[in-house]
$ cat protein-v8.json   # JSON, C-alpha atoms
[["chain", "number", "residue", "atom", "x", "y", "z"],
["X", 1, "MET", "CA", 45.73, 108.35, -52.68],
["X", 2, "ASP", "CA", 43.93, 108.26, -49.33],
["X", 3, "GLN", "CA", 40.58, 106.52, -48.88],
["X", 4, "LEU", "CA", 38.51, 109.72, -48.52],
["X", 5, "LEU", "CA", 39.87, 111.21, -51.75],
["X", 6, "ALA", "CA", 39.22, 107.93, -53.60],
["X", 7, "VAL", "CA", 35.62, 107.88, -52.33],
["X", 8, "LYS", "CA", 35.07, 111.47, -53.49],
["X", 9, "ILE", "CA", 36.47, 110.73, -56.97],
["X", 10, "GLY", "CA", 34.22, 107.66, -57.16],
["X", 11, "CYS", "CA", 31.24, 109.84, -56.19],
["X", 12, "LEU", "CA", 32.21, 112.35, -58.90],
["X", 13, "ALA", "CA", 32.26, 109.62, -61.57],
["X", 14, "GLY", "CA", 28.98, 108.11, -60.33],
["X", 15, "VAL", "CA", 27.12, 111.43, -60.30],
["X", 16, "LEU", "CA", 28.42, 112.26, -63.78],
["X", 17, "LEU", "CA", 27.38, 108.90, -65.28],
["X", 18, "ILE", "CA", 23.96, 108.56, -63.62],
["X", 19, "THR", "CA", 22.95, 112.18, -64.38],
["X", 20, "LEU", "CA", 23.89, 111.83, -68.04],
["X", 21, "ILE", "CA", 22.08, 108.49, -68.51],
["X", 22, "CYS", "CA", 18.87, 109.68, -66.83],
["X", 23, "GLY", "CA", 18.91, 112.88, -68.87],
["X", 24, "LEU", "CA", 19.37, 111.05, -72.17],
["X", 25, "ILE", "CA", 16.29, 108.83, -71.67],
["X", 26, "PRO", "CA", 13.57, 111.44, -72.42],
["X", 27, "ALA", "CA", 15.90, 113.44, -74.68],
["X", 28, "GLN", "CA", 16.64, 110.56, -77.07],
["X", 29, "ILE", "CA", 13.59, 108.27, -76.86],
["X", 30, "LYS", "CA", 10.77, 109.53, -79.06],
["X", 31, "TRP", "CA", 8.10, 107.93, -76.86],
["X", 32, "PHE", "CA", 8.55, 110.86, -74.45],
["X", 33, "HIS", "CA", 7.86, 113.48, -77.14],
["X", 34, "ILE", "CA", 4.34, 114.58, -76.30],
["X", 35, "ASN", "CA", 3.72, 116.22, -79.70],
["X", 36, "MET", "CA", 3.77, 112.70, -81.19],
["X", 37, "ALA", "CA", 1.41, 111.22, -78.60],
["X", 38, "ARG", "CA", -2.33, 110.63, -78.85],
["X", 39, "GLY", "CA", -5.00, 109.22, -76.56],
["X", 40, "LYS", "CA", -3.72, 107.00, -73.75],
["X", 41, "HIS", "CA", -0.11, 107.71, -74.68],
["X", 42, "ARG", "CA", -0.73, 111.45, -74.23],
["X", 43, "ARG", "CA", -2.42, 110.93, -70.86],
["X", 44, "ILE", "CA", 0.49, 108.82, -69.59],
["X", 45, "LEU", "CA", 2.97, 111.52, -70.67],
["X", 46, "SER", "CA", 0.79, 114.12, -68.97],
["X", 47, "PHE", "CA", 0.95, 112.15, -65.70],
["X", 48, "ILE", "CA", 4.75, 111.82, -66.06],
["X", 49, "GLY", "CA", 4.85, 115.58, -66.60],
["X", 50, "CYS", "CA", 2.84, 116.06, -63.39],
["X", 51, "PHE", "CA", 5.28, 113.83, -61.53],
["X", 52, "ALA", "CA", 8.13, 116.01, -62.86],
["X", 53, "ALA", "CA", 6.21, 119.11, -61.74],
["X", 54, "GLY", "CA", 5.98, 117.63, -58.24],
["X", 55, "VAL", "CA", 9.71, 116.91, -58.31],
["X", 56, "PHE", "CA", 10.43, 120.54, -59.22],
["X", 57, "LEU", "CA", 8.04, 121.79, -56.54],
["X", 58, "GLY", "CA", 9.76, 119.61, -53.94],
["X", 59, "ALA", "CA", 13.23, 120.61, -55.11],
["X", 60, "CYS", "CA", 12.20, 124.26, -54.99],
["X", 61, "ILE", "CA", 10.75, 124.30, -51.47],
["X", 62, "MET", "CA", 12.52, 121.43, -49.68],
["X", 63, "HIS", "CA", 15.99, 121.88, -51.17],
["X", 64, "MET", "CA", 16.76, 125.17, -52.91],
["X", 65, "VAL", "CA", 14.71, 127.58, -50.75],
["X", 66, "ALA", "CA", 15.45, 125.69, -47.54],
["X", 67, "ASP", "CA", 19.21, 125.55, -48.26],
["X", 68, "ALA", "CA", 19.36, 129.22, -49.26],
["X", 69, "LEU", "CA", 17.47, 130.42, -46.17],
["X", 70, "GLY", "CA", 19.60, 128.31, -43.84],
["X", 71, "ASP", "CA", 22.93, 129.33, -45.39],
["X", 72, "ILE", "CA", 22.09, 133.05, -45.54],
["X", 73, "GLU", "CA", 20.98, 133.12, -41.90],
["X", 74, "THR", "CA", 24.10, 131.21, -40.83],
["X", 75, "GLU", "CA", 26.40, 133.64, -42.64],
["X", 76, "ILE", "CA", 24.65, 136.72, -41.23],
["X", 77, "ARG", "CA", 24.71, 135.39, -37.66],
["X", 78, "LYS", "CA", 28.39, 134.43, -38.07],
["X", 79, "ARG", "CA", 29.25, 138.00, -39.06],
["X", 80, "GLN", "CA", 27.16, 139.44, -36.25],
["X", 81, "HIS", "CA", 29.05, 137.36, -33.67],
["X", 82, "VAL", "CA", 32.41, 138.46, -35.15],
["X", 83, "GLU", "CA", 31.39, 142.12, -34.98],
["X", 84, "SER", "CA", 30.20, 141.70, -31.39],
["X", 85, "ALA", "CA", 33.52, 140.10, -30.41],
["X", 86, "ILE", "CA", 35.43, 142.99, -31.99],
["X", 87, "HIS", "CA", 33.30, 145.58, -30.16],
["X", 88, "LYS", "CA", 33.79, 143.70, -26.89],
["X", 89, "GLU", "CA", 37.57, 143.66, -27.31],
["X", 90, "ASN", "CA", 37.54, 147.41, -27.98],
["X", 91, "SER", "CA", 35.49, 148.02, -24.80],
["X", 92, "THR", "CA", 32.66, 149.45, -26.89],
["X", 93, "TYR", "CA", 30.52, 146.33, -26.66],
["X", 94, "ILE", "CA", 26.80, 146.89, -26.62],
["X", 95, "ASN", "CA", 24.47, 143.91, -26.25],
["X", 96, "THR", "CA", 22.68, 143.81, -29.58],
["X", 97, "ASP", "CA", 20.95, 140.52, -28.75],
["X", 98, "ASN", "CA", 22.35, 138.55, -31.68],
["X", 99, "ASP", "CA", 20.02, 135.67, -30.96],
["X", 100, "SER", "CA", 16.97, 137.82, -31.59],
["X", 101, "GLU", "CA", 14.99, 137.40, -34.76],
["X", 102, "LEU", "CA", 16.83, 138.61, -37.86],
["X", 103, "TYR", "CA", 15.46, 140.74, -40.65],
["X", 104, "PRO", "CA", 14.36, 138.24, -43.36],
["X", 105, "TYR", "CA", 17.38, 138.81, -45.60],
["X", 106, "GLY", "CA", 17.09, 135.31, -47.05],
["X", 107, "GLU", "CA", 13.50, 135.86, -48.14],
["X", 108, "LEU", "CA", 14.51, 139.24, -49.59],
["X", 109, "ILE", "CA", 17.33, 137.73, -51.68],
["X", 110, "ILE", "CA", 15.07, 134.91, -52.92],
["X", 111, "SER", "CA", 12.45, 137.51, -53.87],
["X", 112, "LEU", "CA", 15.10, 139.48, -55.77],
["X", 113, "GLY", "CA", 15.89, 136.33, -57.76],
["X", 114, "PHE", "CA", 12.17, 135.91, -58.49],
["X", 115, "PHE", "CA", 11.79, 139.51, -59.68],
["X", 116, "LEU", "CA", 15.03, 139.35, -61.64],
["X", 117, "VAL", "CA", 13.61, 136.62, -63.89],
["X", 118, "PHE", "CA", 10.25, 138.43, -64.02],
["X", 119, "PHE", "CA", 12.03, 141.61, -65.16],
["X", 120, "ILE", "CA", 14.25, 139.89, -67.73],
["X", 121, "GLU", "CA", 11.31, 137.98, -69.21],
["X", 122, "SER", "CA", 9.24, 141.19, -69.38],
["X", 123, "VAL", "CA", 12.07, 142.94, -71.26],
["X", 124, "VAL", "CA", 12.51, 139.97, -73.60],
["X", 125, "LEU", "CA", 8.77, 139.85, -74.31],
["X", 126, "HIS", "CA", 8.64, 143.61, -74.87],
["X", 127, "CYS", "CA", 11.58, 143.59, -77.30],
["X", 128, "CYS", "CA", 10.99, 140.17, -78.91],
["X", 129, "PRO", "CA", 7.34, 139.02, -78.53],
["X", 130, "GLN", "CA", 8.09, 135.87, -80.55],
["X", 131, "ALA", "CA", 10.59, 134.70, -77.90],
["X", 132, "VAL", "CA", 7.78, 133.03, -75.93],
["X", 133, "HIS", "CA", 5.66, 130.61, -77.91],
["X", 134, "SER", "CA", 2.71, 128.57, -76.82],
["X", 135, "HIS", "CA", 3.42, 124.90, -76.39],
["X", 136, "GLY", "CA", -0.06, 124.30, -77.76],
["X", 137, "ASN", "CA", 0.85, 125.76, -81.14],
["X", 138, "ASN", "CA", 3.07, 122.77, -81.78],
["X", 139, "GLU", "CA", 0.69, 120.12, -80.64],
["X", 140, "ASN", "CA", -2.91, 119.47, -81.59],
["X", 141, "HIS", "CA", -4.17, 119.52, -78.01],
["X", 142, "GLU", "CA", -7.57, 117.95, -77.74],
["X", 143, "ASP", "CA", -8.24, 119.27, -74.24],
["X", 144, "HIS", "CA", -6.37, 122.57, -74.14],
["X", 145, "LYS", "CA", -8.15, 125.18, -76.24],
["X", 146, "GLU", "CA", -6.01, 128.02, -74.90],
["X", 147, "LEU", "CA", -2.72, 127.21, -73.28],
["X", 148, "PRO", "CA", -0.64, 129.78, -71.39],
["X", 149, "PRO", "CA", 2.52, 131.03, -73.12],
["X", 150, "SER", "CA", 4.34, 128.18, -71.47],
["X", 151, "HIS", "CA", 7.48, 126.13, -71.95],
["X", 152, "SER", "CA", 9.23, 128.93, -73.84],
["X", 153, "SER", "CA", 12.85, 128.51, -74.79],
["X", 154, "PHE", "CA", 13.71, 131.41, -72.48],
["X", 155, "ARG", "CA", 12.00, 129.81, -69.49],
["X", 156, "ALA", "CA", 13.63, 126.47, -70.31],
["X", 157, "PHE", "CA", 16.99, 128.24, -70.21],
["X", 158, "ILE", "CA", 16.22, 129.83, -66.81],
["X", 159, "LEU", "CA", 15.11, 126.42, -65.51],
["X", 160, "PHE", "CA", 18.40, 124.88, -66.66],
["X", 161, "LEU", "CA", 20.43, 127.77, -65.24],
["X", 162, "SER", "CA", 18.89, 127.71, -61.76],
["X", 163, "LEU", "CA", 19.20, 123.91, -61.50],
["X", 164, "SER", "CA", 22.82, 124.10, -62.64],
["X", 165, "PHE", "CA", 23.67, 126.63, -59.92],
["X", 166, "HIS", "CA", 22.05, 124.39, -57.32],
["X", 167, "SER", "CA", 23.94, 121.36, -58.63],
["X", 168, "VAL", "CA", 27.28, 123.10, -58.10],
["X", 169, "PHE", "CA", 26.42, 123.69, -54.43],
["X", 170, "GLU", "CA", 25.29, 120.06, -54.02],
["X", 171, "GLY", "CA", 28.60, 118.88, -55.42],
["X", 172, "LEU", "CA", 30.48, 121.32, -53.20],
["X", 173, "ALA", "CA", 28.78, 119.80, -50.15],
["X", 174, "ILE", "CA", 30.09, 116.34, -51.16],
["X", 175, "GLY", "CA", 33.58, 117.62, -51.89],
["X", 176, "VAL", "CA", 34.11, 119.26, -48.47],
["X", 177, "GLN", "CA", 33.03, 116.20, -46.44],
["X", 178, "LYS", "CA", 35.64, 115.08, -43.90],
["X", 179, "GLU", "CA", 34.63, 111.43, -43.46],
["X", 180, "ALA", "CA", 34.19, 108.65, -46.03],
["X", 181, "THR", "CA", 30.93, 107.42, -44.48],
["X", 182, "GLY", "CA", 29.33, 110.87, -44.56],
["X", 183, "THR", "CA", 30.55, 111.38, -48.14],
["X", 184, "ILE", "CA", 28.94, 108.11, -49.32],
["X", 185, "GLN", "CA", 25.63, 108.81, -47.54],
["X", 186, "LEU", "CA", 25.39, 112.33, -48.97],
["X", 187, "CYS", "CA", 26.45, 111.12, -52.42],
["X", 188, "LEU", "CA", 23.71, 108.44, -52.50],
["X", 189, "ALA", "CA", 21.08, 111.06, -51.64],
["X", 190, "VAL", "CA", 22.47, 113.44, -54.29],
["X", 191, "LEU", "CA", 22.61, 110.61, -56.85],
["X", 192, "ILE", "CA", 18.90, 109.86, -56.42],
["X", 193, "HIS", "CA", 18.11, 113.57, -56.43],
["X", 194, "LYS", "CA", 20.19, 114.26, -59.55],
["X", 195, "ALA", "CA", 18.83, 111.24, -61.43],
["X", 196, "ILE", "CA", 15.23, 112.37, -60.93],
["X", 197, "MET", "CA", 16.06, 116.04, -61.61],
["X", 198, "SER", "CA", 18.01, 115.20, -64.76],
["X", 199, "PHE", "CA", 15.14, 113.12, -66.13],
["X", 200, "SER", "CA", 12.61, 115.84, -65.26],
["X", 201, "LEU", "CA", 14.73, 118.65, -66.73],
["X", 202, "SER", "CA", 15.28, 116.71, -69.94],
["X", 203, "LEU", "CA", 11.55, 115.97, -70.16],
["X", 204, "LYS", "CA", 10.71, 119.68, -69.81],
["X", 205, "LEU", "CA", 13.29, 120.63, -72.43],
["X", 206, "VAL", "CA", 11.70, 118.14, -74.82],
["X", 207, "GLN", "CA", 8.21, 119.51, -74.08],
["X", 208, "SER", "CA", 9.43, 123.09, -74.55],
["X", 209, "SER", "CA", 10.38, 122.27, -78.16],
["X", 210, "THR", "CA", 13.95, 123.33, -77.41],
["X", 211, "ARG", "CA", 16.13, 122.48, -80.39],
["X", 212, "LEU", "CA", 18.07, 119.22, -80.20],
["X", 213, "GLN", "CA", 21.52, 120.82, -80.19],
["X", 214, "TRP", "CA", 20.56, 123.20, -77.37],
["X", 215, "ARG", "CA", 18.83, 120.39, -75.48],
["X", 216, "MET", "CA", 21.98, 118.27, -75.57],
["X", 217, "LEU", "CA", 24.19, 121.24, -74.63],
["X", 218, "TYR", "CA", 21.98, 122.03, -71.61],
["X", 219, "LEU", "CA", 22.04, 118.39, -70.56],
["X", 220, "VAL", "CA", 25.83, 118.05, -70.83],
["X", 221, "VAL", "CA", 26.45, 121.29, -68.91],
["X", 222, "PHE", "CA", 23.91, 120.32, -66.23],
["X", 223, "THR", "CA", 25.58, 116.90, -65.93],
["X", 224, "LEU", "CA", 28.98, 118.56, -65.36],
["X", 225, "MET", "CA", 27.82, 120.98, -62.65],
["X", 226, "SER", "CA", 27.82, 118.61, -59.65],
["X", 227, "PRO", "CA", 31.21, 117.06, -60.60],
["X", 228, "ILE", "CA", 32.61, 120.60, -60.89],
["X", 229, "GLY", "CA", 31.24, 121.35, -57.43],
["X", 230, "ILE", "CA", 32.76, 118.13, -56.06],
["X", 231, "SER", "CA", 36.14, 119.04, -57.61],
["X", 232, "VAL", "CA", 36.05, 122.53, -56.08],
["X", 233, "GLY", "CA", 35.05, 121.02, -52.73],
["X", 234, "ILE", "CA", 37.95, 118.53, -52.88],
["X", 235, "GLY", "CA", 40.36, 121.40, -53.60],
["X", 236, "VAL", "CA", 38.96, 123.43, -50.71],
["X", 237, "SER", "CA", 39.19, 120.48, -48.30],
["X", 238, "LEU", "CA", 42.78, 119.69, -49.33],
["X", 239, "PHE", "CA", 43.83, 123.24, -48.48],
["X", 240, "ASN", "CA", 41.79, 123.21, -45.26],
["X", 241, "GLY", "CA", 39.67, 126.11, -46.48],
["X", 242, "ASP", "CA", 36.12, 127.06, -45.68],
["X", 243, "GLY", "CA", 33.68, 125.82, -48.32],
["X", 244, "SER", "CA", 30.94, 128.26, -47.40],
["X", 245, "GLY", "CA", 30.61, 132.02, -47.61],
["X", 246, "LEU", "CA", 28.18, 134.89, -47.96],
["X", 247, "ALA", "CA", 28.68, 135.10, -51.73],
["X", 248, "GLN", "CA", 27.73, 131.44, -52.12],
["X", 249, "ALA", "CA", 24.68, 131.90, -49.87],
["X", 250, "VAL", "CA", 23.52, 134.92, -51.90],
["X", 251, "LEU", "CA", 23.95, 133.01, -55.18],
["X", 252, "GLU", "CA", 21.93, 130.14, -53.70],
["X", 253, "GLY", "CA", 19.19, 132.61, -52.75],
["X", 254, "VAL", "CA", 19.02, 134.20, -56.19],
["X", 255, "SER", "CA", 19.01, 130.74, -57.81],
["X", 256, "ALA", "CA", 16.17, 129.64, -55.52],
["X", 257, "GLY", "CA", 14.17, 132.74, -56.46],
["X", 258, "THR", "CA", 14.56, 132.07, -60.18],
["X", 259, "PHE", "CA", 13.48, 128.48, -59.67],
["X", 260, "LEU", "CA", 10.49, 129.64, -57.62],
["X", 261, "TYR", "CA", 9.38, 131.76, -60.58],
["X", 262, "ILE", "CA", 9.70, 128.91, -63.07],
["X", 263, "THR", "CA", 7.97, 126.39, -60.79],
["X", 264, "PHE", "CA", 4.89, 128.45, -59.96],
["X", 265, "LEU", "CA", 4.46, 130.52, -63.14],
["X", 266, "GLU", "CA", 5.64, 128.02, -65.74],
["X", 267, "ILE", "CA", 5.60, 124.35, -64.78],
["X", 268, "LEU", "CA", 2.56, 123.97, -62.50],
["X", 269, "PRO", "CA", 0.21, 126.24, -64.55],
["X", 270, "TYR", "CA", 0.96, 124.23, -67.68],
["X", 271, "GLU", "CA", 0.40, 120.84, -66.06],
["X", 272, "LEU", "CA", -2.87, 122.01, -64.44],
["X", 273, "SER", "CA", -4.20, 124.00, -67.41],
["X", 274, "SER", "CA", -6.50, 121.10, -68.37],
["X", 275, "HIS", "CA", -9.24, 120.12, -65.91],
["X", 276, "GLU", "CA", -9.24, 116.50, -67.06],
["X", 277, "ASN", "CA", -7.99, 113.86, -64.57],
["X", 278, "LEU", "CA", -7.23, 116.52, -61.95],
["X", 279, "LEU", "CA", -7.27, 114.04, -59.06],
["X", 280, "ILE", "CA", -4.78, 111.74, -60.78],
["X", 281, "LYS", "CA", -2.60, 114.74, -61.64],
["X", 282, "PHE", "CA", -2.72, 115.80, -58.00],
["X", 283, "LEU", "CA", -1.57, 112.32, -56.96],
["X", 284, "PHE", "CA", 1.39, 112.36, -59.37],
["X", 285, "ILE", "CA", 2.42, 115.89, -58.33],
["X", 286, "SER", "CA", 2.17, 114.81, -54.68],
["X", 287, "LEU", "CA", 4.27, 111.71, -55.41],
["X", 288, "GLY", "CA", 7.02, 113.78, -57.02],
["X", 289, "PHE", "CA", 6.98, 116.25, -54.12],
["X", 290, "SER", "CA", 7.01, 113.45, -51.54],
["X", 291, "ILE", "CA", 10.09, 111.82, -53.07],
["X", 292, "MET", "CA", 12.02, 115.10, -52.90],
["X", 293, "ALA", "CA", 10.79, 115.65, -49.33],
["X", 294, "VAL", "CA", 12.13, 112.23, -48.30],
["X", 295, "ILE", "CA", 15.48, 112.86, -50.04],
["X", 296, "ALA", "CA", 15.74, 116.12, -48.05],
["X", 297, "ILE", "CA", 16.18, 114.01, -44.89],
["X", 298, "TRP", "CA", 19.68, 113.02, -46.08],
["X", 299, "ALA", "CA", 20.66, 115.64, -48.69]]

$ encode --input "protein-v8.json" --output "structure tokens"
Amino acid sequence: MDQLLAVKIGCLAGVLLITLICGLIPAQIKWFHINMARGKHRRILSFIGCFAAGVFLGACIMHMVADALGDIETEIRKRQHVESAIHKENSTYINTDNDSELYPYGELIISLGFFLVFFIESVVLHCCPQAVHSHGNNENHEDHKELPPSHSSFRAFILFLSLSFHSVFEGLAIGVQKEATGTIQLCLAVLIHKAIMSFSLSLKLVQSSTRLQWRMLYLVVFTLMSPIGISVGIGVSLFNGDGSGLAQAVLEGVSAGTFLYITFLEILPYELSSHENLLIKFLFISLGFSIMAVIAIWA
């Protein structure tokens, strides 16, 4: 076994273990269950929830949207250059100015992902109004008299799904690396990212009152996504294939759009629905966002 392959397998095992451990902390420790909290305990959990909201906001804008936009534009420009070369060879070349500004296909695909979740949730609510329940119905909120229909099981599922898609692409990026040093650097950034995301996802699943068996299933599947991506990337690199493609870029865009919906219409509205301690909440949201922004330098 060569050194690069050994490093990638080590990264796979590390990502799997760290993601699972960080996800099990809020899932298994009752201290994190906000419906059992009162007074200071509740406020601390609220601030942790705001930190998680900042993490999701940062992951949404600095990672998922940024990656999707970059990959989609790269794939479109690649195909434009190929078409231009073909036209030139056939003596029918017309200068189409490939370096000019493209139609915002990336933004369009992300928007389609956003509206896809909006549409599905509207259909679910129309057919099964009980599918979305208020988090406040399960908790004796002292400050929230009327909470938005937030943290529904459906929205928790969409949150899990979009993060899982993104995790596969993160793992794929590790698996296709061609140098051991680059693999380790990227893996460390992904490890930190995945640890924080796993904790935050598990916390939101707990707060959404998702049943224990579903919570654990989501966590296990989410934990496996990056290792699956790494495995696929290793296979691609061994066969000297190309790890990127238009289909992957489109999936990234749709995933980013779904996550955009959950972040701005689910997570942030819930965390900011109470006007108490708004400045402190702002600081925790900013902290979560800042951490993801820093990780984006390497990941």

$ residues_around --input "protein-v8.json" --residues "stretch 229-232 of chain X" --least-positions-apart "5" --cutoff "12 Å" --atoms "only C-alpha atoms" --output "PyMOL selection string"
chain X and resi 5+7-16+164-177+183+186-187+190+222-224+237-239+241-244+248

$ atom_distance --input "protein-v8.json" --atom1 "atom CA of X:Leu4" --atom2 "atom CA of X:Leu17"
20.1 Å

$ closest_atom_pairs --input "protein-v8.json" --of "stretch 141-258 of chain X" --to "stretch 25-42 of chain X" --cutoff "10 Å" --atoms "only C-alpha atoms" --output "tab-separated table"
residue	atom	partner	partner_atom	distance
X:His141	CA	X:Asn35	CA	8.7
X:Glu142	CA	X:Arg38	CA	9.1
X:Ser198	CA	X:Ile25	CA	9.6
X:Phe199	CA	X:Pro26	CA	6.7
X:Ser200	CA	X:Pro26	CA	8.5
X:Leu201	CA	X:Pro26	CA	9.3
X:Ser202	CA	X:Ala27	CA	5.8
X:Leu203	CA	X:Pro26	CA	5.5
X:Lys204	CA	X:Pro26	CA	9.1
X:Leu205	CA	X:Ala27	CA	8.0
X:Val206	CA	X:Ala27	CA	6.3
X:Gln207	CA	X:Ile34	CA	6.6
X:Ser209	CA	X:Asn35	CA	9.1
X:Leu212	CA	X:Ala27	CA	8.3
X:Arg215	CA	X:Ala27	CA	7.6
X:Met216	CA	X:Ala27	CA	7.8
X:Leu219	CA	X:Ala27	CA	8.9

$ residues_around --input "protein-v8.json" --residues "X:Ile280" --least-positions-apart "5" --cutoff "12 Å" --atoms "all atoms listed in the file" --output "PDB file with C-alpha atoms, in the coordinates of the input"
ATOM      1  CA  ARG X  43      -2.420 110.930 -70.860  1.00  0.00           C
ATOM      2  CA  ILE X  44       0.490 108.820 -69.590  1.00  0.00           C
ATOM      3  CA  SER X  46       0.790 114.120 -68.970  1.00  0.00           C
ATOM      4  CA  PHE X  47       0.950 112.150 -65.700  1.00  0.00           C
ATOM      5  CA  ILE X  48       4.750 111.820 -66.060  1.00  0.00           C
ATOM      6  CA  GLY X  49       4.850 115.580 -66.600  1.00  0.00           C
ATOM      7  CA  CYS X  50       2.840 116.060 -63.390  1.00  0.00           C
ATOM      8  CA  PHE X  51       5.280 113.830 -61.530  1.00  0.00           C
ATOM      9  CA  GLU X 271       0.400 120.840 -66.060  1.00  0.00           C
ATOM     10  CA  LEU X 272      -2.870 122.010 -64.440  1.00  0.00           C
ATOM     11  CA  HIS X 275      -9.240 120.120 -65.910  1.00  0.00           C
ATOM     12  CA  ILE X 285       2.420 115.890 -58.330  1.00  0.00           C
ATOM     13  CA  SER X 286       2.170 114.810 -54.680  1.00  0.00           C
ATOM     14  CA  LEU X 287       4.270 111.710 -55.410  1.00  0.00           C
TER      15      LEU X 287
END

$ atom_distance --input "protein-v8.json" --atom1 "atom CA of X:Ile61" --atom2 "atom CA of X:Ile297"
13.4 Å

$ atom_distance --input "protein-v8.json" --atom1 "atom CA of X:Gly288" --atom2 "atom CA of X:Leu268"
12.4 Å

$ closest_residue --input "protein-v8.json" --among "X:Ala256, X:Leu108, X:Val123, X:Leu217" --to "X:Met62" --atoms "all atoms listed in the file"
X:Ala256

$ residues_around --input "protein-v8.json" --residues "X:Glu73" --least-positions-apart "3" --cutoff "9 Å" --atoms "only C-alpha atoms" --output "ChimeraX atom specification"
/X:68-70,76-78,102,104-106,249

$ closest_residue --input "protein-v8.json" --among "X:Phe264, X:Trp298, X:Phe154, X:Phe56" --to "X:Thr210" --atoms "all atoms listed in the file"
X:Phe154
